[in-house]
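Take a look at the structure below.
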Amino acid sequence: MKRTLSLLLALVMVLGTFSTVFAAMPETDVEKAELLKELGVLLGDNSGDLMLDKDLLRRDAVVLLSRLMKAEETARNFPTDDMPFDDNDDPLYDGYIAWAHANDYAKGISATKFDPKGDLTAQAFATFVLRALGYEIDAEAYATALETAEELGILADVDAENETVVKRSVMAVMTFNALYVPMKDSEVTLGEYLELELPQEEPEFAIEEVKATKSGLKKVFGRKLAARVL
């Protein structure tokens, strides 16, 4: 009897530790955005406001792309001598825009205009996220970018069509989802590539039967791993 109680106590202690091992998975767009802020993926304005109700600007999407590609320092300090655009009024973004242009990651709206404060469609932002995952985006891939993003799980909890203007809240959700997606031709997720400590879906444990035998507990519990969020 004492042995059974000891084993039961041990079981309770083991089960009680799992809630601390697995961090809570954020559910709302605000929670996901705040987690991205804690991880340094999103920064917000000078006061830390993530401005989730605002449209995502083209210049900010380029900064995010460089961050997701582990190239932010390079992009920030990228030479601007060959940048053809003359409509950026904030020098902070000059290097980022020049970097995106030089690598063909982002095009201008004309030969001399980048439209840094313009908004992005869901189709356009999907191409940014896919680039971060290592996908080559040509004209054909651009045409089906949103479909590809949906297949990969990037659009989970997102209702958008090609021409939908992306809010920063939608950007946060798509970015959060992308961190759980494997890089192209790899088993390493974007989050792992960026060396981020992300929460995982908590495993479910169903206690089925406790029965003492000479060798201890005959069957303690059945372990059922929940599917990954995406």
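Simple scheme: letters A, B, ... for chains in structure tokens order, numbers from 1 for residues in each chain, numbers from 1 for ligands in the order shown.
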Taking the chain letters and numbering used in this document, name the residues of range 19-224 of chain A that DSSP puts in helix (DSSP H, G or I), as a VMD selection string.
chain A and resid 19 to 21 29 to 38 58 to 68 72 to 76 91 to 102 122 to 132 139 to 143 145 to 152 168 to 178 190 to 193
Go ahead and save the residues from that selection, with C-alpha atoms, as a tab-separated table (two decimals), in the first residue's frame.
chain	number	residue	atom	x	y	z
A	19	SER	CA	2.75	22.91	-17.18
A	20	THR	CA	6.05	24.62	-16.38
A	21	VAL	CA	8.03	22.88	-19.11
A	29	ASP	CA	-3.22	38.37	-32.50
A	30	VAL	CA	-2.32	40.69	-29.62
A	31	GLU	CA	-0.76	37.85	-27.62
A	32	LYS	CA	1.21	36.69	-30.65
A	33	ALA	CA	2.39	40.21	-31.37
A	34	GLU	CA	3.47	40.72	-27.76
A	35	LEU	CA	5.43	37.45	-27.83
A	36	LEU	CA	7.16	38.58	-31.02
A	37	LYS	CA	8.01	41.80	-29.23
A	38	GLU	CA	9.53	39.89	-26.31
A	58	ARG	CA	6.42	48.90	-47.22
A	59	ARG	CA	9.51	50.24	-45.49
A	60	ASP	CA	8.69	48.42	-42.25
A	61	ALA	CA	8.07	45.18	-44.12
A	62	VAL	CA	11.58	45.44	-45.57
A	63	VAL	CA	13.05	45.86	-42.08
A	64	LEU	CA	11.12	42.81	-40.88
A	65	LEU	CA	12.31	40.80	-43.87
A	66	SER	CA	15.95	41.58	-43.08
A	67	ARG	CA	15.38	40.56	-39.47
A	68	LEU	CA	13.78	37.25	-40.46
A	72	GLU	CA	19.39	43.20	-40.34
A	73	GLU	CA	22.82	44.61	-39.55
A	74	THR	CA	23.88	44.14	-43.17
A	75	ALA	CA	20.69	45.77	-44.42
A	76	ARG	CA	20.88	48.68	-41.99
A	91	PRO	CA	17.43	58.05	-43.53
A	92	LEU	CA	16.89	55.22	-41.05
A	93	TYR	CA	15.39	53.16	-43.88
A	94	ASP	CA	17.88	54.03	-46.64
A	95	GLY	CA	20.13	51.01	-46.11
A	96	TYR	CA	17.21	48.59	-45.75
A	97	ILE	CA	15.60	49.77	-48.98
A	98	ALA	CA	18.92	49.69	-50.84
A	99	TRP	CA	19.57	46.17	-49.56
A	100	ALA	CA	16.13	44.93	-50.62
A	101	HIS	CA	16.51	46.52	-54.05
A	102	ALA	CA	20.03	45.18	-54.62
A	122	ALA	CA	-1.51	40.10	-48.47
A	123	GLN	CA	-0.05	38.67	-51.67
A	124	ALA	CA	2.97	40.96	-51.49
A	125	PHE	CA	3.60	40.33	-47.79
A	126	ALA	CA	3.26	36.58	-48.34
A	127	THR	CA	6.19	36.82	-50.78
A	128	PHE	CA	8.26	38.54	-48.08
A	129	VAL	CA	7.54	35.72	-45.64
A	130	LEU	CA	8.25	33.06	-48.25
A	131	ARG	CA	11.58	34.72	-49.06
A	132	ALA	CA	12.48	34.54	-45.38
A	139	ALA	CA	6.59	35.96	-61.49
A	140	GLU	CA	4.93	32.55	-61.35
A	141	ALA	CA	5.67	32.08	-57.64
A	142	TYR	CA	4.39	35.59	-56.92
A	143	ALA	CA	1.08	34.79	-58.59
A	145	ALA	CA	2.27	33.25	-53.15
A	146	LEU	CA	-0.86	33.43	-51.02
A	147	GLU	CA	-1.86	29.88	-51.92
A	148	THR	CA	1.63	28.65	-51.03
A	149	ALA	CA	1.50	30.54	-47.74
A	150	GLU	CA	-1.84	28.94	-46.94
A	151	GLU	CA	-0.53	25.45	-47.71
A	152	LEU	CA	2.40	26.03	-45.35
A	168	ARG	CA	0.15	45.14	-38.61
A	169	SER	CA	-2.00	42.73	-36.57
A	170	VAL	CA	-2.24	40.41	-39.58
A	171	MET	CA	1.49	40.83	-40.18
A	172	ALA	CA	2.11	39.69	-36.59
A	173	VAL	CA	-0.04	36.57	-36.97
A	174	MET	CA	1.52	35.59	-40.30
A	175	THR	CA	5.00	36.16	-38.91
A	176	PHE	CA	4.23	34.14	-35.78
A	177	ASN	CA	2.88	31.28	-37.88
A	178	ALA	CA	5.91	31.36	-40.17
A	190	LEU	CA	12.33	29.54	-39.23
A	191	GLY	CA	12.13	29.97	-35.46
A	192	GLU	CA	14.89	27.43	-34.97
A	193	TYR	CA	16.98	29.08	-37.66
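Distance-wise, CA of Lys107 in chain A and CA of Leu56 in chain A end up 16.4 Å apart.
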I need the residue nearest Thr28 in chain A from this list: A:Glu197, A:Asp157, A:Glu187, A:Asp53. Use only C-alpha atoms for the distance.
A:Asp157
I'd like the contact shell of Lys184 in chain A - 8 Å cut-off, only C-alpha atoms, skipping same-chain residues fewer than 3 positions apart - returned as a VMD selection string.
chain A and resid 133 to 135
Would you put the residues from that selection into a file with all heavy atoms, as a PDB file, in the first residue's frame?
ATOM      1  N   LEU A 133      11.720  32.262 -45.686  1.00  0.00           N
ATOM      2  CA  LEU A 133      11.772  30.804 -45.543  1.00  0.00           C
ATOM      3  C   LEU A 133      12.649  30.146 -46.605  1.00  0.00           C
ATOM      4  O   LEU A 133      12.770  28.925 -46.640  1.00  0.00           O
ATOM      5  CB  LEU A 133      10.355  30.225 -45.627  1.00  0.00           C
ATOM      6  CG  LEU A 133       9.452  30.516 -44.418  1.00  0.00           C
ATOM      7  CD1 LEU A 133       7.999  30.208 -44.758  1.00  0.00           C
ATOM      8  CD2 LEU A 133       9.905  29.699 -43.211  1.00  0.00           C
ATOM      9  N   GLY A 134      13.252  30.959 -47.464  1.00  0.00           N
ATOM     10  CA  GLY A 134      14.179  30.420 -48.456  1.00  0.00           C
ATOM     11  C   GLY A 134      13.582  30.131 -49.815  1.00  0.00           C
ATOM     12  O   GLY A 134      14.229  29.499 -50.659  1.00  0.00           O
ATOM     13  N   TYR A 135      12.359  30.589 -50.070  1.00  0.00           N
ATOM     14  CA  TYR A 135      11.717  30.340 -51.359  1.00  0.00           C
ATOM     15  C   TYR A 135      12.131  31.402 -52.376  1.00  0.00           C
ATOM     16  O   TYR A 135      12.184  32.594 -52.061  1.00  0.00           O
ATOM     17  CB  TYR A 135      10.180  30.344 -51.216  1.00  0.00           C
ATOM     18  CG  TYR A 135       9.649  29.115 -50.528  1.00  0.00           C
ATOM     19  CD1 TYR A 135       9.689  29.006 -49.139  1.00  0.00           C
ATOM     20  CD2 TYR A 135       9.121  28.057 -51.261  1.00  0.00           C
ATOM     21  CE1 TYR A 135       9.210  27.872 -48.492  1.00  0.00           C
ATOM     22  CE2 TYR A 135       8.634  26.923 -50.632  1.00  0.00           C
ATOM     23  CZ  TYR A 135       8.680  26.840 -49.248  1.00  0.00           C
ATOM     24  OH  TYR A 135       8.213  25.706 -48.609  1.00  0.00           O
TER      25      TYR A 135
END
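Counting from CA of Thr112 in chain A, the distance to CA of Asn88 in chain A is 10.4 Å.
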Please extract the residues of range 34-194 of chain A with a backbone DSSP assignment of strand (DSSP E or B) and present them as a compact mmCIF listing (two decimals) with all heavy atoms, in the first residue's frame.
# COMPACT_ATOMS: atom_id res chain seq x y z
N ASP A 55 -1.94 50.09 -40.86
CA ASP A 55 -1.51 49.33 -42.03
C ASP A 55 -0.01 49.09 -41.96
O ASP A 55 0.75 49.92 -41.43
CB ASP A 55 -1.83 50.09 -43.32
CG ASP A 55 -3.31 50.18 -43.60
OD1 ASP A 55 -4.08 49.41 -42.98
OD2 ASP A 55 -3.71 51.03 -44.42
N LEU A 57 3.49 49.28 -43.41
CA LEU A 57 4.13 50.08 -44.45
C LEU A 57 5.21 49.28 -45.16
O LEU A 57 5.85 48.42 -44.56
CB LEU A 57 4.74 51.35 -43.84
CG LEU A 57 3.79 52.25 -43.06
CD1 LEU A 57 4.52 53.52 -42.61
CD2 LEU A 57 2.56 52.60 -43.88
N ASP A 119 1.18 50.97 -48.47
CA ASP A 119 0.81 49.73 -47.78
C ASP A 119 1.12 48.52 -48.65
O ASP A 119 1.54 48.64 -49.79
CB ASP A 119 -0.68 49.75 -47.39
CG ASP A 119 -1.59 50.09 -48.57
OD1 ASP A 119 -1.32 49.59 -49.68
OD2 ASP A 119 -2.55 50.85 -48.39
N THR A 121 -0.18 44.52 -49.92
CA THR A 121 -1.27 43.56 -50.01
C THR A 121 -0.84 42.25 -49.34
O THR A 121 0.36 42.02 -49.12
CB THR A 121 -1.62 43.27 -51.48
OG1 THR A 121 -0.50 42.64 -52.11
CG2 THR A 121 -2.00 44.55 -52.21
N VAL A 165 -5.37 44.61 -47.92
CA VAL A 165 -4.31 45.43 -47.33
C VAL A 165 -3.96 44.85 -45.96
O VAL A 165 -4.84 44.60 -45.14
CB VAL A 165 -4.74 46.90 -47.21
CG1 VAL A 165 -3.69 47.71 -46.44
CG2 VAL A 165 -4.95 47.50 -48.59
N LYS A 167 -2.88 44.68 -42.30
CA LYS A 167 -2.72 45.42 -41.04
C LYS A 167 -1.52 44.85 -40.30
O LYS A 167 -1.13 43.70 -40.50
CB LYS A 167 -3.98 45.28 -40.19
CG LYS A 167 -5.22 45.93 -40.76
CD LYS A 167 -5.16 47.43 -40.62
CE LYS A 167 -6.47 48.09 -41.05
NZ LYS A 167 -6.36 49.57 -40.98
N PRO A 182 8.95 24.90 -41.48
CA PRO A 182 10.32 24.53 -41.88
C PRO A 182 10.83 25.39 -43.03
O PRO A 182 10.07 25.74 -43.94
CB PRO A 182 10.18 23.06 -42.31
CG PRO A 182 8.95 22.58 -41.61
CD PRO A 182 8.02 23.75 -41.57
N THR A 189 12.89 24.77 -38.63
CA THR A 189 11.89 25.82 -38.78
C THR A 189 12.55 27.19 -38.79
O THR A 189 13.71 27.35 -38.38
CB THR A 189 10.87 25.78 -37.63
OG1 THR A 189 11.54 26.12 -36.40
CG2 THR A 189 10.22 24.40 -37.51
